[in-house]
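Student: The file below is run02.txt, compact mmCIF, C-alpha atoms and all ligand atoms:
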```txt
# COMPACT_ATOMS: atom_id res chain seq x y z
CA MET W 1 -181.90 -2.41 150.46
CA ARG W 2 -179.90 -5.27 148.95
CA PHE W 3 -181.62 -5.70 145.59
CA GLU W 4 -181.37 -9.51 145.41
CA HIS W 5 -183.04 -9.60 142.00
CA VAL W 6 -182.22 -7.04 139.29
CA LEU W 7 -183.93 -6.76 135.90
CA VAL W 8 -181.57 -5.39 133.23
CA VAL W 9 -183.35 -4.24 130.06
CA GLY W 10 -181.15 -3.75 127.00
CA ALA W 11 -178.39 -6.31 126.45
CA GLY W 12 -176.03 -4.25 124.27
CA GLN W 13 -172.51 -3.31 125.30
CA MET W 14 -173.68 -1.51 128.47
CA GLY W 15 -176.48 -3.90 129.48
CA SER W 16 -174.19 -6.92 129.20
CA GLY W 17 -171.53 -5.21 131.34
CA ILE W 18 -174.10 -4.16 133.95
CA ALA W 19 -175.60 -7.69 134.07
CA GLN W 20 -172.08 -9.06 134.53
CA VAL W 21 -171.10 -6.86 137.48
CA ILE W 22 -174.46 -7.37 139.21
CA ALA W 23 -174.19 -11.16 138.79
CA ALA W 24 -170.57 -11.09 139.96
CA SER W 25 -171.79 -9.45 143.18
CA GLY W 26 -173.89 -12.56 143.90
CA ARG W 27 -177.26 -11.17 142.83
CA HIS W 28 -179.77 -12.75 140.47
CA VAL W 29 -180.15 -10.94 137.12
CA SER W 30 -182.97 -11.18 134.58
CA LEU W 31 -181.72 -9.91 131.22
CA HIS W 32 -184.09 -8.76 128.48
CA ASP W 33 -183.57 -7.31 125.00
CA ALA W 34 -186.09 -6.70 122.22
CA ALA W 35 -183.72 -7.71 119.39
CA SER W 36 -183.33 -11.36 118.54
CA GLY W 37 -179.84 -12.67 119.26
CA ALA W 38 -178.92 -9.72 121.51
CA VAL W 39 -179.04 -11.69 124.77
CA GLU W 40 -176.98 -14.50 123.21
CA ARG W 41 -174.37 -11.94 122.10
CA ALA W 42 -174.42 -10.50 125.63
CA PHE W 43 -173.67 -13.94 127.09
CA ALA W 44 -170.73 -14.32 124.69
CA ALA W 45 -169.44 -10.85 125.69
CA MET W 46 -169.83 -11.61 129.42
CA ARG W 47 -168.02 -14.93 128.98
CA ARG W 48 -165.09 -13.22 127.20
CA SER W 49 -164.93 -10.51 129.84
CA LEU W 50 -165.19 -12.88 132.83
CA ALA W 51 -162.50 -15.17 131.35
CA ARG W 52 -160.02 -12.29 131.72
CA LEU W 53 -160.81 -12.01 135.44
CA ASP W 54 -159.98 -14.35 138.30
CA VAL W 55 -163.62 -15.39 138.89
CA ASP W 56 -165.98 -18.34 138.63
CA VAL W 57 -167.16 -17.80 135.02
CA GLU W 58 -169.92 -20.44 134.91
CA GLY W 59 -171.13 -19.69 138.45
CA THR W 60 -171.47 -15.99 137.56
CA LEU W 61 -173.24 -16.65 134.24
CA ALA W 62 -175.62 -19.08 135.99
CA ARG W 63 -177.01 -16.11 137.94
CA VAL W 64 -178.05 -14.39 134.68
CA GLU W 65 -181.41 -15.53 133.35
CA PRO W 66 -182.59 -14.49 129.86
CA VAL W 67 -186.21 -13.30 129.88
CA ASP W 68 -188.54 -12.61 126.93
CA ASP W 69 -190.28 -9.63 128.52
CA LEU W 70 -190.17 -7.39 131.59
CA VAL W 71 -190.46 -9.36 134.85
CA THR W 72 -190.86 -8.28 138.44
CA ALA W 73 -187.63 -7.58 140.38
CA ASP W 74 -186.34 -5.39 143.25
CA LEU W 75 -184.62 -3.05 140.81
CA LEU W 76 -184.79 -2.27 137.09
CA ILE W 77 -181.68 -1.00 135.35
CA GLU W 78 -182.65 0.16 131.87
CA ALA W 79 -179.85 0.22 129.25
CA VAL W 80 -181.68 0.36 125.91
CA VAL W 81 -180.84 2.63 122.99
CA GLU W 82 -180.45 6.38 123.82
CA ASP W 83 -183.95 7.33 122.65
CA ALA W 84 -186.30 9.18 124.99
CA ALA W 85 -189.52 7.63 123.62
CA VAL W 86 -188.17 4.06 123.77
CA LYS W 87 -186.94 4.59 127.33
CA ALA W 88 -190.19 6.22 128.48
CA ASP W 89 -192.11 3.23 127.12
CA ILE W 90 -189.89 0.86 129.16
CA PHE W 91 -190.48 2.95 132.30
CA ARG W 92 -194.25 2.97 131.70
CA ARG W 93 -194.30 -0.83 131.30
CA ALA W 94 -191.90 -1.39 134.21
CA ASP W 95 -194.14 0.71 136.45
CA ALA W 96 -197.01 -1.65 135.65
CA THR W 97 -194.89 -4.81 136.06
CA LEU W 98 -192.58 -4.28 139.05
CA THR W 99 -194.04 -4.04 142.56
CA SER W 100 -194.59 -0.51 143.86
CA ASP W 101 -191.57 -0.64 146.21
CA ALA W 102 -189.11 -1.47 143.41
CA ILE W 103 -186.67 1.19 142.17
CA LEU W 104 -186.51 2.02 138.46
CA ALA W 105 -183.06 3.18 137.31
CA SER W 106 -181.79 4.30 133.92
CA ASN W 107 -178.26 4.03 132.55
CA THR W 108 -179.03 6.90 130.18
CA SER W 109 -176.13 9.14 129.15
CA SER W 110 -178.23 12.28 128.82
CA ILE W 111 -182.02 11.85 128.77
CA PRO W 112 -183.70 13.71 131.65
CA ILE W 113 -184.42 11.36 134.57
CA THR W 114 -187.37 13.60 135.45
CA SER W 115 -189.02 12.84 132.10
CA LEU W 116 -188.60 9.07 132.62
CA ALA W 117 -189.99 9.46 136.16
CA ALA W 118 -193.03 11.25 134.73
CA ALA W 119 -193.87 8.10 132.73
CA THR W 120 -194.39 6.28 136.06
CA GLY W 121 -196.54 6.62 139.16
CA ARG W 122 -193.46 6.45 141.43
CA PRO W 123 -191.23 9.44 140.56
CA ASP W 124 -189.65 9.22 144.05
CA ARG W 125 -188.28 5.78 143.12
CA VAL W 126 -186.82 6.69 139.69
CA ILE W 127 -183.12 7.55 139.37
CA GLY W 128 -180.17 7.64 137.00
CA MET W 129 -177.50 4.98 137.55
CA HIS W 130 -174.95 5.81 134.87
CA PHE W 131 -172.19 3.24 134.43
CA PHE W 132 -169.13 3.75 132.21
CA ASN W 133 -167.79 1.65 129.36
CA PRO W 134 -166.39 -0.99 129.80
CA VAL W 135 -168.55 -1.52 132.89
CA PRO W 136 -166.48 -4.29 134.52
CA VAL W 137 -163.36 -2.08 134.30
CA LEU W 138 -164.36 1.54 134.94
CA GLN W 139 -164.93 2.63 138.53
CA LEU W 140 -167.38 5.47 138.15
CA VAL W 141 -171.16 5.38 138.59
CA GLU W 142 -172.79 8.80 138.09
CA VAL W 143 -175.95 8.84 140.25
CA ILE W 144 -178.55 11.31 138.99
CA ARG W 145 -181.55 12.45 140.99
CA GLY W 146 -184.66 13.52 139.10
CA LEU W 147 -186.75 16.36 140.47
CA ASP W 148 -188.71 14.05 142.79
CA THR W 149 -186.17 11.31 143.52
CA SER W 150 -186.25 10.59 147.27
CA ASP W 151 -183.23 10.61 149.58
CA GLU W 152 -183.93 6.93 150.34
CA THR W 153 -183.75 6.01 146.65
CA ALA W 154 -180.51 7.95 146.12
CA ALA W 155 -178.96 6.41 149.25
CA ALA W 156 -179.91 2.89 148.18
CA ILE W 157 -178.36 3.32 144.71
CA VAL W 158 -175.19 4.91 146.13
CA GLU W 159 -174.90 1.94 148.50
CA LEU W 160 -175.45 -0.54 145.66
CA ALA W 161 -172.77 1.16 143.52
CA ARG W 162 -170.30 0.85 146.42
CA ASP W 163 -171.28 -2.78 146.95
CA LEU W 164 -170.47 -3.45 143.27
CA GLY W 165 -166.97 -2.07 143.96
CA LYS W 166 -167.69 1.19 142.15
CA THR W 167 -167.31 4.82 143.19
CA PRO W 168 -170.55 6.79 143.00
CA ALA W 169 -170.64 10.53 142.27
CA GLU W 170 -173.93 12.41 142.51
CA ALA W 171 -175.21 14.91 139.95
CA ASN W 172 -178.43 16.79 139.37
CA ASP W 173 -180.73 16.28 136.41
CA PHE W 174 -179.39 18.65 133.75
CA PRO W 175 -178.84 17.62 130.10
CA GLY W 176 -175.81 15.34 129.87
CA PHE W 177 -175.45 15.51 133.69
CA VAL W 178 -171.74 16.16 134.42
CA SER W 179 -169.90 13.44 132.48
CA ASN W 180 -171.30 13.94 129.00
CA ARG W 181 -171.61 17.71 129.31
CA ILE W 182 -167.82 17.71 129.54
CA LEU W 183 -166.96 14.72 127.34
CA MET W 184 -169.19 15.34 124.30
CA PRO W 185 -167.94 18.85 123.44
CA PHE W 186 -164.41 17.38 123.62
CA ILE W 187 -165.30 14.57 121.19
CA ASN W 188 -167.18 17.04 118.97
CA GLU W 189 -164.19 19.39 118.75
CA ALA W 190 -161.97 16.45 117.78
CA ALA W 191 -164.44 15.58 114.98
CA TYR W 192 -164.33 19.21 113.77
CA ALA W 193 -160.51 19.13 113.82
CA LEU W 194 -160.68 16.07 111.56
CA LEU W 195 -163.39 17.58 109.31
CA GLU W 196 -161.39 20.80 108.88
CA GLY W 197 -158.21 18.88 108.02
CA VAL W 198 -156.27 20.04 111.06
CA ALA W 199 -154.84 16.55 111.60
CA GLU W 200 -155.34 12.85 110.85
CA PRO W 201 -157.30 10.75 113.42
CA GLU W 202 -154.15 9.07 114.76
CA ALA W 203 -152.49 12.45 115.37
CA ILE W 204 -155.57 13.88 117.10
CA ASP W 205 -155.76 10.89 119.43
CA THR W 206 -152.00 10.83 120.07
CA ILE W 207 -152.10 14.51 121.07
CA ALA W 208 -154.88 13.83 123.61
CA LYS W 209 -153.22 10.67 124.95
CA LEU W 210 -149.69 11.99 125.36
CA GLY W 211 -150.50 15.66 125.83
CA PHE W 212 -153.34 15.34 128.32
CA ALA W 213 -152.53 11.87 129.75
CA HIS W 214 -155.88 10.46 128.61
CA PRO W 215 -155.92 6.65 128.34
CA MET W 216 -157.46 6.93 124.87
CA GLY W 217 -157.98 9.73 122.37
CA PRO W 218 -161.40 11.32 121.73
CA LEU W 219 -161.96 9.69 118.34
CA ALA W 220 -161.10 6.19 119.61
CA LEU W 221 -163.35 6.87 122.61
CA ALA W 222 -166.21 7.97 120.33
CA ASP W 223 -165.80 4.68 118.43
CA LEU W 224 -165.98 2.80 121.74
CA ILE W 225 -169.09 4.64 122.92
CA GLY W 226 -170.80 4.32 119.50
CA LEU W 227 -171.21 7.27 117.12
CA ASP W 228 -175.02 6.82 117.17
CA THR W 229 -174.98 7.16 120.96
CA CYS W 230 -172.67 10.22 120.76
CA VAL W 231 -175.00 11.97 118.29
CA ALA W 232 -178.07 11.11 120.39
CA ILE W 233 -176.38 12.57 123.51
CA MET W 234 -175.33 15.74 121.66
CA ASP W 235 -178.86 16.20 120.33
CA VAL W 236 -180.14 16.08 123.94
CA LEU W 237 -177.47 18.57 125.08
CA HIS W 238 -178.20 20.88 122.14
CA GLU W 239 -181.95 20.81 122.64
CA GLY W 240 -181.87 20.83 126.44
CA LEU W 241 -179.29 23.59 126.92
CA GLY W 242 -180.27 25.56 123.81
CA ASP W 243 -176.71 26.53 122.93
CA PRO W 244 -175.44 25.88 119.35
CA LYS W 245 -172.03 24.94 120.76
CA TYR W 246 -173.52 21.51 121.61
CA ALA W 247 -174.76 20.73 118.06
CA PRO W 248 -173.14 17.53 116.77
CA CYS W 249 -170.41 17.95 114.13
CA PRO W 250 -171.84 17.07 110.67
CA LEU W 251 -169.10 14.46 110.23
CA LEU W 252 -170.41 12.47 113.22
CA ARG W 253 -173.92 12.46 111.79
CA GLN W 254 -172.65 11.51 108.32
CA TYR W 255 -170.64 8.56 109.67
CA MET W 256 -173.69 7.48 111.65
CA GLN W 257 -175.87 7.66 108.52
CA ALA W 258 -173.30 5.51 106.69
CA GLY W 259 -173.60 2.84 109.40
CA ARG W 260 -170.10 3.65 110.68
CA LEU W 261 -171.10 3.41 114.35
CA GLY W 262 -167.64 2.63 115.73
CA ARG W 263 -166.44 -0.62 117.25
CA LYS W 264 -169.89 -2.20 117.39
CA SER W 265 -170.30 -2.00 113.59
CA GLY W 266 -166.62 -2.66 112.80
CA ARG W 267 -165.91 0.86 111.50
CA GLY W 268 -166.09 4.42 112.77
CA PHE W 269 -163.13 6.79 112.76
CA TYR W 270 -161.05 3.61 112.67
CA THR W 271 -161.60 0.13 111.21
CA TYR W 272 -161.84 -2.86 113.58
CA ALA W 273 -161.21 -6.53 112.85
N1 LIG H 301 -171.78 3.10 124.95
C1 LIG H 301 -171.34 3.75 126.02
O1 LIG H 301 -170.14 3.98 126.16
C2 LIG H 301 -172.31 4.17 127.09
C3 LIG H 301 -171.81 4.59 128.33
C4 LIG H 301 -172.71 4.93 129.35
C5 LIG H 301 -174.07 4.88 129.10
N2 LIG H 301 -174.53 4.48 127.86
C6 LIG H 301 -175.98 4.42 127.66
O2 LIG H 301 -176.38 3.06 127.77
C7 LIG H 301 -177.52 2.82 126.94
C8 LIG H 301 -177.22 1.66 126.00
O3 LIG H 301 -176.06 1.96 125.25
P1 LIG H 301 -175.20 0.79 124.55
O4 LIG H 301 -173.90 1.39 124.18
O5 LIG H 301 -175.26 -0.45 125.36
O6 LIG H 301 -176.06 0.58 123.20
P2 LIG H 301 -176.18 -0.72 122.27
O7 LIG H 301 -176.58 -0.23 120.94
O8 LIG H 301 -174.95 -1.56 122.40
O9 LIG H 301 -177.39 -1.56 122.96
C9 LIG H 301 -178.70 -1.08 123.04
C10 LIG H 301 -179.61 -2.30 123.15
O10 LIG H 301 -180.95 -1.87 123.43
C11 LIG H 301 -181.81 -2.80 122.79
N3 LIG H 301 -183.15 -2.25 122.71
C12 LIG H 301 -183.59 -1.24 121.92
N4 LIG H 301 -184.91 -1.02 122.15
C13 LIG H 301 -185.30 -1.90 123.11
C14 LIG H 301 -186.54 -2.16 123.78
N5 LIG H 301 -187.64 -1.45 123.50
N6 LIG H 301 -186.59 -3.13 124.71
C15 LIG H 301 -185.48 -3.86 125.00
N7 LIG H 301 -184.28 -3.67 124.39
C16 LIG H 301 -184.19 -2.69 123.46
C17 LIG H 301 -181.15 -3.04 121.45
O11 LIG H 301 -181.64 -4.22 120.83
C18 LIG H 301 -179.67 -3.13 121.86
O12 LIG H 301 -179.30 -4.47 122.13
C19 LIG H 301 -177.82 4.15 126.23
O13 LIG H 301 -178.77 4.85 126.97
C20 LIG H 301 -176.46 4.85 126.29
O14 LIG H 301 -176.58 6.25 126.22
C21 LIG H 301 -173.68 4.11 126.88
```
Kindly return the structure encoded in the file as structure tokens.
Tutor:
Amino acid sequence: MRFEHVLVVGAGQMGSGIAQVIAASGRHVSLHDAASGAVERAFAAMRRSLARLDVDVEGTLARVEPVDDLVTADLLIEAVVEDAAVKADIFRRADATLTSDAILASNTSSIPITSLAAATGRPDRVIGMHFFNPVPVLQLVEVIRGLDTSDETAAAIVELARDLGKTPAEANDFPGFVSNRILMPFINEAAYALLEGVAEPEAIDTIAKLGFAHPMGPLALADLIGLDTCVAIMDVLHEGLGDPKYAPCPLLRQYMQAGRLGRKSGRGFYTYA
């Protein structure tokens, strides 16, 4: 399955990156977001990102078409806010809009794929296709099968990931899958270290970077992901796995309530120009 036409829903930092890599692979992309100005901001982000690469910027952007609503396509990749109800509503509407042979994929960080599949009449063709931030740079795509995802669907998404130049890794549908089950407790512990006055943010991140050879420290990474997204993921881990060790650090929730969402709002653990 080549997926010549892909509908990307959600044009935030992830949706814009996903639209960019799909368009760069020669496919046609329809890009939709519910918030006014979001698609325009996505085009500006894609233009900045493509300008850093040795590619045909205008030719790539010409393959991305803004759309006001869901449209039919061979594949949906949903990248809206990490909220189960909002995502389930997209899957319900996509099931009614896209032809019955289309695959419906979610870029969710943690929300059960099986629950999104249950909002549709095609649970065999629903799957997690979890890209990493920044999408044009990071290699990994975590491919998550829901309870009823078919082998054909999983194989088609693995093949697409490879065709985009990515490396797929398969996981089963457990809260946070593999990536965020490991990453979020790490970020959470860093937030507790800050809250308890163990060290300043710069020292915490320097220790992770130089001590563990991580490209960036956990607090800078949380700012990149978005503190709202981190808290939403931890809430899913906490509720889904039932262990208090996954509860988000109160500092993360407080920053989120203050509108300190990280890079996307200009301030999180750090301040951005
Ligand atoms: N930020 C990361 O590092 C990262 C990494 C991997 C996966 N994800 C996942 O990707 C998804 C998006 O994250 P993001 O960082 O791009 O968030 P973001 O806040 O940058 O963008 C979310 C977008 O969704 C739009 N949206 C909300 N409701 C909508 C609706 N009903 N219809 C259409 N658009 C709607 C918003 O207007 C916004 O533009 C989340 O599920 C997140 O967990 C994020």
Student: Once you count all atoms listed in the file, what closest atom pair and distance in Å to one decimal does each residue of chain W within 6 Å of ligand LIG 301 (chain H) have, with rows by chain and rising residue number, as JSON lines?
Tutor:
```
{"residue": "W:Val9", "atom": "CA", "partner": "H:LIG301", "partner_atom": "C15", "distance": 5.5}
{"residue": "W:Gly10", "atom": "CA", "partner": "H:LIG301", "partner_atom": "O10", "distance": 4.0}
{"residue": "W:Ala11", "atom": "CA", "partner": "H:LIG301", "partner_atom": "O12", "distance": 4.8}
{"residue": "W:Gly12", "atom": "CA", "partner": "H:LIG301", "partner_atom": "O9", "distance": 3.3}
{"residue": "W:Gln13", "atom": "CA", "partner": "H:LIG301", "partner_atom": "O5", "distance": 4.0}
{"residue": "W:Met14", "atom": "CA", "partner": "H:LIG301", "partner_atom": "O5", "distance": 3.6}
{"residue": "W:Gly15", "atom": "CA", "partner": "H:LIG301", "partner_atom": "O5", "distance": 5.5}
{"residue": "W:Asp33", "atom": "CA", "partner": "H:LIG301", "partner_atom": "N7", "distance": 3.8}
{"residue": "W:Ala34", "atom": "CA", "partner": "H:LIG301", "partner_atom": "C15", "distance": 4.0}
{"residue": "W:Ala35", "atom": "CA", "partner": "H:LIG301", "partner_atom": "O11", "distance": 4.3}
{"residue": "W:Ala38", "atom": "CA", "partner": "H:LIG301", "partner_atom": "O12", "distance": 5.3}
{"residue": "W:Ala79", "atom": "CA", "partner": "H:LIG301", "partner_atom": "C7", "distance": 4.2}
{"residue": "W:Val80", "atom": "CA", "partner": "H:LIG301", "partner_atom": "O10", "distance": 3.4}
{"residue": "W:Val81", "atom": "CA", "partner": "H:LIG301", "partner_atom": "C9", "distance": 4.3}
{"residue": "W:Glu82", "atom": "CA", "partner": "H:LIG301", "partner_atom": "O13", "distance": 3.9}
{"residue": "W:Val86", "atom": "CA", "partner": "H:LIG301", "partner_atom": "N5", "distance": 5.5}
{"residue": "W:Asn107", "atom": "CA", "partner": "H:LIG301", "partner_atom": "O2", "distance": 5.2}
{"residue": "W:Thr108", "atom": "CA", "partner": "H:LIG301", "partner_atom": "O13", "distance": 3.8}
{"residue": "W:Ser109", "atom": "CA", "partner": "H:LIG301", "partner_atom": "O14", "distance": 4.1}
{"residue": "W:His130", "atom": "CA", "partner": "H:LIG301", "partner_atom": "C5", "distance": 5.9}
{"residue": "W:Phe131", "atom": "CA", "partner": "H:LIG301", "partner_atom": "C4", "distance": 5.4}
{"residue": "W:Phe132", "atom": "CA", "partner": "H:LIG301", "partner_atom": "C4", "distance": 4.7}
{"residue": "W:Asn133", "atom": "CA", "partner": "H:LIG301", "partner_atom": "O1", "distance": 4.6}
{"residue": "W:Ile225", "atom": "CA", "partner": "H:LIG301", "partner_atom": "O1", "distance": 3.5}
{"residue": "W:Gly226", "atom": "CA", "partner": "H:LIG301", "partner_atom": "N1", "distance": 5.7}
{"residue": "W:Thr229", "atom": "CA", "partner": "H:LIG301", "partner_atom": "O14", "distance": 5.6}
```
Student: Calculate how many Å separate CA of Gly240 (chain W) from CA of Val158 (chain W), rounding to one decimal.
Tutor: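 CA of Gly240 (chain W) sits 26.2 Å away from CA of Val158 (chain W).
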Student: For Leu61 (chain W), find every residue with an atom within 10 Å (counting only C-alpha atoms), except residues of its own chain fewer than 4 positions away, and show them as a PyMOL selection string.
Tutor: chain W and resi 19-20+23-24+28-29+43+46-47+50+56-57+65
Student: Looking at all atoms listed in the file, which of W:Glu170, W:Asp228, W:Asp205, W:Asp54 is the one that sits closest to Gly268 (chain W)?
Tutor: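 Using all atoms listed in the file, Gly268 (chain W) sits closest to W:Asp228.
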Student: In terms of the shortest atom-to-atom distance over only C-alpha atoms, which of W:Met234, W:Pro134, W:Leu53, W:Ala119 is closest to Ser16 (chain W)?
Tutor: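 Between W:Met234, W:Pro134, W:Leu53, W:Ala119, the residue approaching Ser16 (chain W) most closely is W:Pro134.
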Student: Return the single residue from W:Gly146, W:Gly242, W:Gly266, W:Gly37 that is closest to Ala171 (chain W), with distances computed using all atoms listed in the file.
Tutor: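 The shortest atom-to-atom distance to Ala171 (chain W) comes from W:Gly146.
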Student: Skip Ala191 (chain W) itself and residues of its chain fewer than 2 positions away, then list as a count of residues only all residues within 12 Å of it, counting all atoms listed in the file.
Tutor: 38
Student: Looking at W:Thr72, W:Thr206, W:Thr167, W:Ser100, which one is nearest to Leu140 (chain W), with distances taken over all atoms listed in the file?
Tutor: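 Looking only at the distances to Leu140 (chain W), the closest residue turns out to be W:Thr167.
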Student: Expressed in Å to a single decimal, how great is the separation between CA of Ala94 (chain W) and CA of Arg2 (chain W)?
Tutor: 19.4 Å
Student: Please report the interatomic distance between CA of Phe177 (chain W) and CA of Leu241 (chain W) in Å with one decimal.
Tutor: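 Between CA of Phe177 (chain W) and CA of Leu241 (chain W) the gap works out to 11.2 Å.
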Student: Considering only C-alpha atoms, state which residue in the set W:Leu224, W:Leu7, W:Leu183, W:Val135 is at the smallest distance from Leu261 (chain W).
Tutor: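 Answer, going by the shortest atom-to-atom distance: W:Leu224.
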Student: Tell me which of W:Tyr272, W:Leu76, W:Glu142, W:Pro112 sits closest to Arg93 (chain W), counting only C-alpha atoms.
Tutor: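 Using only C-alpha atoms, the shortest distance to Arg93 (chain W) belongs to W:Leu76.
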Student: Please work out which residues fall within 12 Å of (-176.4, 3.0, 146.7), coordinates as given in the file, with all atoms listed in the file counting, and return them as an mmCIF file with C-alpha atoms, in the coordinates of the input.
Tutor:
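selection.cif, freshly written:
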```
data_model
loop_
_atom_site.group_PDB
_atom_site.id
_atom_site.type_symbol
_atom_site.label_atom_id
_atom_site.label_comp_id
_atom_site.auth_asym_id
_atom_site.auth_seq_id
_atom_site.Cartn_x
_atom_site.Cartn_y
_atom_site.Cartn_z
ATOM 1 C CA MET W 1 -181.900 -2.410 150.460
ATOM 2 C CA ARG W 2 -179.900 -5.270 148.950
ATOM 3 C CA PHE W 3 -181.620 -5.700 145.590
ATOM 4 C CA LEU W 75 -184.620 -3.050 140.810
ATOM 5 C CA ILE W 103 -186.670 1.190 142.170
ATOM 6 C CA ALA W 105 -183.060 3.180 137.310
ATOM 7 C CA ILE W 127 -183.120 7.550 139.370
ATOM 8 C CA GLY W 128 -180.170 7.640 137.000
ATOM 9 C CA MET W 129 -177.500 4.980 137.550
ATOM 10 C CA VAL W 141 -171.160 5.380 138.590
ATOM 11 C CA GLU W 142 -172.790 8.800 138.090
ATOM 12 C CA VAL W 143 -175.950 8.840 140.250
ATOM 13 C CA ILE W 144 -178.550 11.310 138.990
ATOM 14 C CA ASP W 151 -183.230 10.610 149.580
ATOM 15 C CA GLU W 152 -183.930 6.930 150.340
ATOM 16 C CA THR W 153 -183.750 6.010 146.650
ATOM 17 C CA ALA W 154 -180.510 7.950 146.120
ATOM 18 C CA ALA W 155 -178.960 6.410 149.250
ATOM 19 C CA ALA W 156 -179.910 2.890 148.180
ATOM 20 C CA ILE W 157 -178.360 3.320 144.710
ATOM 21 C CA VAL W 158 -175.190 4.910 146.130
ATOM 22 C CA GLU W 159 -174.900 1.940 148.500
ATOM 23 C CA LEU W 160 -175.450 -0.540 145.660
ATOM 24 C CA ALA W 161 -172.770 1.160 143.520
ATOM 25 C CA ARG W 162 -170.300 0.850 146.420
ATOM 26 C CA ASP W 163 -171.280 -2.780 146.950
ATOM 27 C CA LEU W 164 -170.470 -3.450 143.270
ATOM 28 C CA GLY W 165 -166.970 -2.070 143.960
ATOM 29 C CA LYS W 166 -167.690 1.190 142.150
ATOM 30 C CA THR W 167 -167.310 4.820 143.190
ATOM 31 C CA PRO W 168 -170.550 6.790 143.000
ATOM 32 C CA ALA W 169 -170.640 10.530 142.270
ATOM 33 C CA GLU W 170 -173.930 12.410 142.510
#
```
Student: Please check which residues have atoms at most 10 Å from (-185.8, 12.3, 132.1) in the file's coordinates, counting all atoms listed in the file, and write them as a list in words.
Tutor: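 Here the neighbourhood of the point contains Ala84, Lys87, Ala88, Ser106, Thr108, Ser110, Ile111, Pro112, Ile113, Thr114, Ser115, Leu116, Ala117, Ala118, Ala119, Val126, Ile127, Gly128, Arg145, Gly146, Leu147, Asp173, Phe174 and Pro175 of chain W.
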